[in-house]
$ cat input.cif   # mmCIF, C-alpha atoms
data_protein
#
loop_
_atom_site.label_atom_id
_atom_site.label_comp_id
_atom_site.auth_asym_id
_atom_site.auth_seq_id
_atom_site.Cartn_x
_atom_site.Cartn_y
_atom_site.Cartn_z
CA MET A 473 4.50 -6.25 21.99
CA PRO A 474 0.85 -5.30 22.21
CA ALA A 475 0.09 -2.20 20.27
CA GLY A 476 -3.06 -0.64 19.02
CA MET A 477 -1.43 2.72 18.81
CA MET A 478 1.56 2.36 16.59
CA GLU A 479 0.61 5.20 14.34
CA PRO A 480 3.44 6.73 12.38
CA ARG A 481 1.07 9.48 11.31
CA SER A 482 2.84 12.32 9.54
CA GLY A 483 5.18 11.92 6.62
CA SER A 484 7.19 9.13 8.12
CA VAL A 485 5.69 6.27 6.20
CA SER A 486 8.56 3.91 5.86
CA PRO A 487 8.29 1.51 3.00
CA TYR A 488 9.11 -2.11 3.75
CA SER A 489 11.22 -2.60 6.81
CA SER A 490 13.00 -5.33 4.91
CA GLY A 491 16.36 -3.64 4.88
CA LEU A 492 16.16 -3.11 1.16
CA GLY A 493 15.50 0.56 1.68
CA GLY A 494 17.69 3.15 3.26
CA GLY A 495 19.03 6.40 1.99
CA HIS A 496 15.82 7.22 0.18
CA GLN A 497 13.11 9.79 0.77
CA PRO A 498 10.12 8.94 2.96
CA ALA A 499 6.79 8.71 1.15
CA ASN A 500 5.11 12.07 0.71
CA LEU A 501 1.38 12.55 0.37
CA GLY A 502 1.53 13.12 -3.37
CA ASP A 503 3.40 9.86 -3.89
CA ILE A 504 0.85 8.00 -1.81
CA LEU A 505 -2.20 9.63 -3.38
CA GLU A 506 -1.10 9.06 -6.94
CA ARG A 507 -0.68 5.40 -6.10
CA VAL A 508 -3.66 4.57 -3.89
CA LEU A 509 -6.14 6.69 -5.85
CA ASP A 510 -5.00 6.00 -9.31
CA LYS A 511 -3.11 2.72 -9.22
CA GLY A 512 -3.77 -0.55 -7.51
CA ILE A 513 -5.96 -3.15 -9.04
CA VAL A 514 -9.43 -1.86 -9.83
CA ILE A 515 -12.21 -4.24 -8.95
CA ALA A 516 -15.69 -2.89 -8.42
CA GLY A 517 -16.80 -3.25 -4.82
CA ASP A 518 -20.40 -3.09 -3.68
CA ILE A 519 -19.84 0.44 -2.48
CA GLN A 520 -17.03 1.66 -4.61
CA VAL A 521 -17.38 5.33 -5.34
CA ASN A 522 -16.10 6.51 -8.68
CA LEU A 523 -13.15 8.53 -7.53
CA LEU A 524 -13.23 10.73 -10.59
CA ASP A 525 -16.72 11.92 -9.66
CA ILE A 526 -15.45 13.47 -6.50
CA GLU A 527 -14.96 17.15 -6.96
CA LEU A 528 -12.16 17.69 -4.50
CA LEU A 529 -10.34 14.73 -5.92
CA THR A 530 -10.25 16.29 -9.33
CA ILE A 531 -8.77 19.40 -7.76
CA LYS A 532 -6.39 17.22 -5.85
CA LEU A 533 -5.42 15.28 -8.92
CA ARG A 534 -4.81 18.49 -10.73
CA LEU A 535 -2.31 19.31 -8.02
CA VAL A 536 -0.75 15.93 -8.41
CA ILE A 537 -0.58 16.37 -12.10
CA ALA A 538 1.39 19.55 -12.29
CA SER A 539 -1.12 21.10 -14.59
CA LEU A 540 -0.50 19.09 -17.70
CA ASP A 541 -1.08 22.27 -19.58
CA THR A 542 1.97 23.89 -18.06
CA ALA A 543 3.96 20.77 -18.68
CA ARG A 544 2.98 20.78 -22.34
CA GLU A 545 3.76 24.43 -22.69
CA VAL A 546 7.32 23.96 -21.56
CA GLY A 547 7.69 20.85 -23.66
CA ILE A 548 7.57 18.40 -20.79
CA ASN A 549 5.12 16.03 -22.36
CA TRP A 550 7.30 13.38 -23.84
CA TRP A 551 5.62 10.70 -21.76
CA GLU A 552 2.44 11.46 -23.67
CA THR A 553 3.77 11.21 -27.15
CA ASP A 554 5.80 8.08 -26.74
CA PRO A 555 3.30 5.40 -27.81
CA TRP A 556 5.08 2.69 -25.85
CA LEU A 557 4.78 4.67 -22.67
CA HIS A 558 1.56 6.46 -23.26
CA ALA A 559 -0.74 3.55 -22.66
CA GLY A 560 0.46 3.08 -19.14
CA ALA A 561 0.83 6.71 -18.28
CA LEU A 562 -2.77 7.77 -18.06
CA GLY A 563 -5.95 5.79 -17.94
CA ASP A 564 -8.24 6.61 -20.83
CA SER A 565 -10.99 8.01 -18.67
CA ARG A 566 -8.63 10.26 -16.80
CA HIS A 567 -7.03 11.34 -19.99
CA ASP A 568 -10.42 12.24 -21.40
CA GLU A 569 -11.25 14.08 -18.27
CA LEU A 570 -8.05 16.07 -18.43
CA GLU A 571 -8.61 16.87 -22.07
CA HIS A 572 -12.03 18.11 -21.19
CA GLU A 573 -10.70 20.13 -18.28
CA ASN A 574 -7.98 21.51 -20.49
CA ARG A 575 -10.48 22.67 -23.08
CA ARG A 576 -12.64 24.21 -20.41
CA LEU A 577 -9.70 26.12 -18.92
CA ARG A 578 -8.50 27.33 -22.29
CA LYS A 579 -11.94 28.65 -23.00
CA ARG A 580 -11.97 30.42 -19.68
CA VAL A 581 -8.56 31.96 -20.33
CA ARG A 582 -9.74 33.19 -23.69
CA ALA A 583 -12.83 34.69 -22.11
CA LEU A 584 -10.77 36.44 -19.46
CA GLU A 585 -8.27 37.74 -21.96
CA SER A 586 -10.88 39.17 -24.28
CA ALA A 587 -12.56 40.80 -21.28
CA ASP A 588 -9.15 42.30 -20.43
CA ARG A 589 -8.80 43.74 -23.86
CA ASP A 590 -12.16 45.36 -23.53
CA GLY A 591 -13.82 44.07 -26.62
CA ALA A 592 -10.81 44.14 -28.94
CA ASP A 593 -11.34 41.71 -31.82
CA ASP A 594 -9.86 38.27 -32.00
CA ASP A 595 -8.07 37.39 -35.18
CA MET B 1098 -27.69 5.66 14.94
CA THR B 1099 -27.30 2.81 12.51
CA SER B 1100 -24.40 0.48 12.96
CA GLN B 1101 -24.33 -1.22 9.60
CA THR B 1102 -20.95 -2.45 8.54
CA GLY B 1103 -19.15 -3.25 5.34
CA THR B 1104 -15.82 -4.82 4.40
CA TRP B 1105 -12.95 -2.63 3.23
CA VAL B 1106 -10.38 -4.57 1.21
CA TYR B 1107 -6.69 -3.65 1.12
CA GLY B 1108 -5.18 -6.26 -1.08
CA VAL B 1109 -5.07 -9.88 -2.09
CA THR B 1110 -2.44 -12.53 -1.56
CA ASP B 1111 -2.05 -16.19 -2.42
CA SER B 1112 0.24 -16.98 0.48
CA PRO B 1113 -1.52 -15.86 3.67
CA ALA B 1114 0.53 -18.24 5.81
CA ALA B 1115 3.46 -15.85 5.45
CA ILE B 1116 1.55 -13.04 7.16
CA ARG B 1117 2.74 -12.70 10.71
CA ARG B 1118 -0.21 -13.14 13.01
CA ASP B 1119 0.87 -10.34 15.33
CA SER B 1120 1.07 -7.85 12.48
CA LEU B 1121 -2.62 -8.34 11.79
CA ASP B 1122 -3.35 -7.58 15.43
CA GLN B 1123 -1.03 -4.61 15.59
CA LEU B 1124 -1.99 -2.83 12.41
CA THR B 1125 -4.78 -0.31 12.55
CA GLY B 1126 -6.93 0.07 9.47
CA VAL B 1127 -8.69 3.01 7.85
CA GLY B 1128 -11.59 2.72 10.27
CA GLY B 1129 -9.37 2.27 13.31
CA GLY B 1130 -10.24 -1.40 13.54
CA ASN B 1131 -8.27 -4.63 13.31
CA LEU B 1132 -7.65 -6.54 10.13
CA HIS B 1133 -8.95 -9.95 9.22
CA LEU B 1134 -8.50 -12.35 6.34
CA VAL B 1135 -11.18 -13.48 3.92
CA ALA B 1136 -10.32 -16.52 1.81
CA ALA B 1137 -11.85 -18.16 -1.23
CA GLY B 1138 -10.54 -20.25 -4.09
CA GLY B 1139 -6.93 -20.19 -2.92
CA LEU B 1140 -6.80 -16.41 -2.65
CA THR B 1141 -6.96 -14.37 0.51
CA ALA B 1142 -8.06 -10.78 0.94
CA VAL B 1143 -6.78 -8.59 3.75
CA ALA B 1144 -9.85 -6.77 5.03
CA GLU B 1145 -11.31 -4.63 7.76
CA THR B 1146 -14.86 -4.37 8.98
CA VAL B 1147 -15.81 -0.71 8.72
CA SER B 1148 -18.85 1.30 9.64
CA LEU B 1149 -21.01 2.33 6.72
CA ASP B 1150 -21.69 5.53 8.62
CA GLU B 1151 -18.20 6.51 7.57
CA PHE B 1152 -17.48 4.26 4.59
CA GLY B 1153 -20.87 3.75 2.98
CA GLU B 1154 -21.55 5.25 -0.42
CA THR B 1155 -23.06 8.52 0.79
CA ALA B 1156 -20.50 8.95 3.53
CA LEU B 1157 -17.63 8.15 1.19
CA ARG B 1158 -18.75 10.78 -1.27
CA ARG B 1159 -18.83 13.35 1.47
CA ASN B 1160 -15.65 12.27 3.20
CA LEU B 1161 -13.52 12.02 0.09
CA GLU B 1162 -14.17 15.72 -0.44
CA GLU B 1163 -12.48 16.44 2.83
CA LEU B 1164 -8.77 16.72 2.38
CA SER B 1165 -7.79 15.77 5.92
CA TRP B 1166 -10.01 12.68 5.83
CA LEU B 1167 -8.64 11.75 2.43
CA GLU B 1168 -5.09 12.13 3.65
CA SER B 1169 -5.46 10.07 6.80
CA THR B 1170 -7.45 7.41 4.97
CA ALA B 1171 -4.94 7.22 2.11
CA ARG B 1172 -2.09 6.99 4.59
CA ALA B 1173 -3.84 4.31 6.64
CA HIS B 1174 -4.65 2.29 3.50
CA HIS B 1175 -1.05 2.58 2.39
CA ARG B 1176 0.34 1.78 5.84
CA VAL B 1177 -1.49 -1.55 5.95
CA ILE B 1178 -0.52 -2.51 2.42
CA ASP B 1179 3.06 -1.41 2.95
CA ALA B 1180 3.46 -3.36 6.17
CA LEU B 1181 2.03 -6.55 4.67
CA ALA B 1182 3.85 -6.23 1.36
CA GLY B 1183 7.07 -6.50 3.32
CA GLN B 1184 6.02 -9.96 4.50
CA VAL B 1185 4.05 -11.45 1.70
CA GLN B 1186 3.27 -11.08 -2.00
CA LEU B 1187 0.29 -8.74 -2.04
CA VAL B 1188 -1.63 -7.09 -4.84
CA PRO B 1189 -2.93 -3.74 -3.63
CA LEU B 1190 -6.52 -2.76 -4.36
CA ARG B 1191 -7.48 0.78 -5.16
CA LEU B 1192 -8.55 3.00 -2.27
CA ALA B 1193 -12.20 2.72 -1.23
CA THR B 1194 -13.03 -0.77 -2.45
CA VAL B 1195 -15.79 -1.73 -0.03
CA TYR B 1196 -18.16 -4.72 0.08
CA ARG B 1197 -21.38 -5.18 2.02
CA GLU B 1198 -20.06 -8.26 3.75
CA ASP B 1199 -17.24 -10.79 3.75
CA GLY B 1200 -19.32 -13.14 1.63
CA ASN B 1201 -19.23 -10.68 -1.23
CA VAL B 1202 -15.45 -10.46 -0.91
CA ARG B 1203 -15.30 -14.24 -1.34
CA ALA B 1204 -17.43 -13.93 -4.46
CA MET B 1205 -15.06 -11.26 -5.77
CA LEU B 1206 -12.03 -13.49 -5.14
CA ALA B 1207 -13.66 -16.31 -7.05
CA GLU B 1208 -14.77 -14.11 -9.91
CA HIS B 1209 -11.49 -12.23 -10.35
CA GLY B 1210 -9.19 -15.12 -9.54
CA PRO B 1211 -7.34 -15.27 -12.87
CA GLU B 1212 -6.74 -11.52 -12.97
CA LEU B 1213 -5.51 -11.46 -9.36
CA ARG B 1214 -3.23 -14.45 -9.86
CA ALA B 1215 -1.75 -12.87 -12.97
CA ALA B 1216 -1.01 -9.71 -10.99
CA LEU B 1217 0.59 -11.75 -8.22
CA ARG B 1218 2.77 -13.58 -10.74
CA ARG B 1219 3.82 -10.34 -12.43
CA THR B 1220 4.92 -8.77 -9.18
CA ALA B 1221 6.35 -11.82 -7.40
CA ASN B 1222 9.70 -11.08 -5.73
CA ARG B 1223 9.64 -7.62 -7.17
CA ALA B 1224 9.05 -4.19 -5.72
CA GLU B 1225 8.19 -0.82 -7.11
CA TRP B 1226 10.73 1.99 -6.95
CA GLY B 1227 9.93 5.60 -7.72
CA VAL B 1228 12.30 7.98 -9.45
CA LYS B 1229 11.60 11.66 -9.91
CA ALA B 1230 13.81 14.09 -11.76
CA TYR B 1231 13.77 17.83 -11.31
CA ALA B 1232 15.30 20.33 -13.67
CA ASP B 1233 16.88 23.05 -11.62
CA GLU B 1234 16.43 25.47 -14.41
CA PRO B 1235 16.18 29.14 -13.53
CA ALA B 1236 14.90 30.27 -16.92
CA ALA B 1237 11.89 27.97 -16.87
CA ALA B 1238 11.16 28.89 -13.27
CA ARG B 1239 11.28 32.56 -14.17
CA ALA B 1240 8.99 32.02 -17.10
CA GLU B 1241 6.54 30.29 -14.76
CA ALA B 1242 6.73 32.86 -12.02
CA GLU B 1243 6.70 36.13 -13.86
CA PRO B 1244 3.44 36.44 -15.75
CA ALA B 1245 1.21 36.49 -12.68
CA GLY B 1246 3.31 39.06 -10.89
CA ARG B 1247 3.64 41.35 -13.86
CA ARG B 1248 0.02 41.14 -14.74
CA LYS B 1249 -0.84 42.42 -11.34
CA ALA B 1250 1.59 45.33 -11.62
CA ALA B 1251 0.58 46.50 -15.07
CA PRO B 1252 -2.20 44.89 -17.06
CA GLU B 1253 -1.21 44.15 -20.62
CA SER B 1254 -3.15 43.03 -23.63
CA GLY B 1255 -3.64 39.35 -24.28
CA ALA B 1256 -1.58 39.63 -27.44
CA ALA B 1257 1.33 41.29 -25.65
CA TYR B 1258 1.15 38.71 -22.92
CA LEU B 1259 1.31 35.86 -25.40
CA ARG B 1260 4.18 37.46 -27.28
CA ARG B 1261 6.19 37.93 -24.12
CA ARG B 1262 5.40 34.43 -22.96
CA ARG B 1263 6.58 33.01 -26.29
CA ASP B 1264 9.83 34.91 -26.02
CA GLU B 1265 10.44 33.74 -22.51
CA LEU B 1266 9.76 30.19 -23.42
CA ALA B 1267 12.02 30.36 -26.44
CA ALA B 1268 14.79 31.81 -24.29
CA SER B 1269 14.77 28.84 -21.98
CA LYS B 1270 14.30 26.32 -24.72
CA GLN B 1271 17.90 25.18 -24.83
CA GLY B 1272 18.03 24.43 -21.12
CA ARG B 1273 14.78 22.57 -21.30
CA GLN B 1274 15.91 20.46 -24.19
CA GLU B 1275 18.99 19.43 -22.27
CA ALA B 1276 16.99 18.62 -19.16
CA LEU B 1277 14.52 16.58 -21.17
CA ALA B 1278 17.29 14.71 -22.92
CA SER B 1279 18.78 13.89 -19.54
CA ALA B 1280 15.43 12.73 -18.22
CA GLN B 1281 15.01 10.46 -21.19
CA GLN B 1282 18.47 9.11 -20.57
CA VAL B 1283 17.56 8.39 -16.95
CA HIS B 1284 14.38 6.62 -17.94
CA ALA B 1285 16.06 4.58 -20.67
CA ALA B 1286 18.85 3.46 -18.36
CA LEU B 1287 16.53 2.51 -15.51
CA ALA B 1288 13.91 0.85 -17.71
CA ARG B 1289 16.65 -1.47 -18.96
CA ILE B 1290 17.17 -2.77 -15.41
CA ALA B 1291 13.45 -2.95 -14.66
CA ALA B 1292 11.04 -5.78 -15.32
CA ASP B 1293 8.48 -3.12 -16.15
CA ALA B 1294 8.15 0.65 -16.03
CA ARG B 1295 5.37 3.22 -15.79
CA LEU B 1296 5.45 6.96 -16.17
CA HIS B 1297 3.25 9.00 -13.88
CA PRO B 1298 2.42 12.61 -14.69
CA PRO B 1299 4.80 14.98 -12.95
CA GLN B 1300 3.61 16.39 -9.64
CA SER B 1301 2.98 20.08 -9.19
CA PRO B 1302 5.26 22.38 -7.20
CA GLU B 1303 2.41 22.96 -4.69
CA LEU B 1304 2.58 19.34 -3.81
CA THR B 1305 6.30 18.77 -3.92
CA GLY B 1306 7.20 22.06 -2.29
CA SER B 1307 9.94 22.36 -4.88
CA ARG B 1308 10.52 25.38 -7.07
CA SER B 1309 12.03 23.43 -9.89
CA ALA B 1310 9.98 21.59 -12.45
CA MET B 1311 9.51 17.88 -12.12
CA ILE B 1312 10.24 16.44 -15.51
CA LEU B 1313 10.21 12.75 -14.74
CA ASN B 1314 7.96 10.85 -12.37
CA ALA B 1315 8.49 7.19 -13.05
CA ALA B 1316 7.88 3.87 -11.36
CA TYR B 1317 10.04 0.83 -11.97
CA LEU B 1318 9.28 -2.76 -11.12
CA ILE B 1319 12.56 -4.19 -9.90
CA ASP B 1320 13.47 -7.77 -9.05
CA ASP B 1321 14.41 -7.90 -5.37
CA GLN B 1322 17.77 -9.35 -6.31
CA HIS B 1323 18.47 -6.32 -8.53
CA ALA B 1324 17.42 -3.72 -5.98
CA ALA B 1325 20.99 -2.85 -4.97
CA GLY B 1326 22.07 -2.57 -8.59
CA PHE B 1327 19.12 -0.36 -9.34
CA ARG B 1328 20.01 2.02 -6.52
CA GLU B 1329 23.59 2.13 -7.75
CA ALA B 1330 22.38 2.96 -11.23
CA VAL B 1331 20.36 5.85 -9.83
CA ASP B 1332 23.39 7.14 -7.95
CA ASP B 1333 25.48 6.85 -11.06
CA LEU B 1334 22.98 8.85 -13.12
CA ARG B 1335 22.73 11.38 -10.33
CA ASN B 1336 26.47 11.95 -10.53
CA ARG B 1337 26.63 12.15 -14.29
CA LEU B 1338 23.62 14.23 -15.23
CA PRO B 1339 22.58 17.81 -14.46
CA LEU B 1340 19.32 16.74 -12.85
CA ARG B 1341 18.14 16.35 -9.30
CA LEU B 1342 17.03 12.74 -8.86
CA GLU B 1343 14.83 11.57 -6.04
CA LEU B 1344 14.49 7.89 -5.26
CA THR B 1345 11.59 6.44 -3.26
CA GLY B 1346 10.86 2.87 -2.38
CA PRO B 1347 10.60 0.05 -2.18
CA TRP B 1348 6.86 0.46 -2.65
CA PRO B 1349 4.22 -2.22 -2.84
CA PRO B 1350 3.67 -2.76 -6.56
CA TYR B 1351 0.78 -0.28 -6.86
CA SER B 1352 1.70 0.92 -10.32
CA PHE B 1353 1.99 -2.61 -11.66
CA ALA B 1354 -1.10 -4.22 -10.17
CA ASP B 1355 -3.11 -3.69 -13.32
CA ALA B 1356 -1.82 -5.27 -16.48
CA ALA B 1357 -0.37 -2.76 -18.88
CA PRO B 1358 -2.89 -2.38 -21.69
CA ASP B 1359 -0.30 -2.51 -24.45
CA LEU B 1360 2.75 -4.52 -23.58
CA GLN B 1361 2.56 -8.11 -22.59
#
$ encode --input "input.cif" --output "structure tokens"
Amino acid sequence: MPAGMMEPRSGSVSPYSSGLGGGHQPANLGDILERVLDKGIVIAGDIQVNLLDIELLTIKLRLVIASLDTAREVGINWWETDPWLHAGALGDSRHDELEHENRRLRKRVRALESADRDGADDD
Amino acid sequence: MTSQTGTWVYGVTDSPAAIRRDSLDQLTGVGGGNLHLVAAGGLTAVAETVSLDEFGETALRRNLEELSWLESTARAHHRVIDALAGQVQLVPLRLATVYREDGNVRAMLAEHGPELRAALRRTANRAEWGVKAYADEPAAARAEAEPAGRRKAAPESGAAYLRRRRDELAASKQGRQEALASAQQVHAALARIAADARLHPPQSPELTGSRSAMILNAAYLIDDQHAAGFREAVDDLRNRLPLRLELTGPWPPYSFADAAPDLQ
């Protein structure tokens, strides 16, 4: 059947039509983004843009990543401390970036809080 | 208006004969065009000729900032890979891998042959399945939700805020520990069935639309012949543990395309 317009746009991306699936959730945008942006084999193209340089993407990834800070705070960081798992969980560069981001945000929070307290001393 | 073109690559296979001809004609790529194959050294890339006006370096930088463009491009990239991965062993390439021309794709295939073949071997007759676990834990949700609201109502000192936050977190500690233990149990049980496993960072509530915290976001590489058993195992865990489990898949083996740095 000739088709140039078979576009299952919205959220209805159905993984393999091989019959293996069924009874599972359709792919949501977060699932797709975390895979196509962050996974997949990385081979430099002639025109490959470093995805981490893209500002919106870092915002987007922060959404994807549940604010690691929050996760740590509530103790949901076991994937980070398990050495067997850690290596595969986050690429080094992204990890560094998140660390950096984390430090930056903490600094900002401190600044805001001391402004709130109207010059009260830190201890 | 320039009409320079480049070659967008979706993935690489070593068995292109298994790709149904009509699926290449029917699938629409990221640029709205048809797909073609580029072969070299026994490997074949699935590619699309795209306009550099939209997919050149400058354009990509601009377009990737645009959420709607990013979404439709990511979905289109995935749609092609997903459709082909159902027919043939395919290693997915990361989004936005673009070459100036098909000739450069052939050079890439030759240069990265060993790496690509290793990835194809690792993922042969296997698919990726995603499992997410949510802790439906009111205390943690309250601890997350409250500070912002209260701050608005009555500003408090940073010290008081931190004290209160510590108390709230301590109060829900028990529930969290149980949820985490369950999540670890889930991961341990499923990793035993899997040929390989990866943990992704949990997704945020904004993205999932869920109020409860995601405490496990894992990908498992499962032999096709064990797929049914894997799904049963997930159901079994779902019945036994106080967690909400969400299963997605089968996915093309995105999370397993790159060799794990540590374990071999």
$ atom_distance --input "input.cif" --atom1 "atom CA of B:Ala1221" --atom2 "atom CA of B:Arg1191"
18.8 Å
$ residues_around --input "input.cif" --residues "B:Ala1294" --least-positions-apart "5" --cutoff "7 Å" --atoms "all atoms listed in the file" --output "PyMOL selection string"
chain B and resi 1288+1316-1318
$ closest_residue --input "input.cif" --among "B:Leu1213, B:Ala1232, B:Leu1259, B:Leu1167" --to "B:Arg1308" --atoms "all atoms listed in the file"
B:Ala1232
$ closest_residue --input "input.cif" --among "B:Asp1320, B:Asp1150, B:Glu1225, B:Asp1264" --to "A:Gly512" --atoms "all atoms listed in the file"
B:Glu1225
$ resolve_selection --input "input.cif" --expression "the PyMOL selection byres ((chain B and resi 1197) around 6)" --output "VMD selection string"
chain B and resid 1103 1196 1198
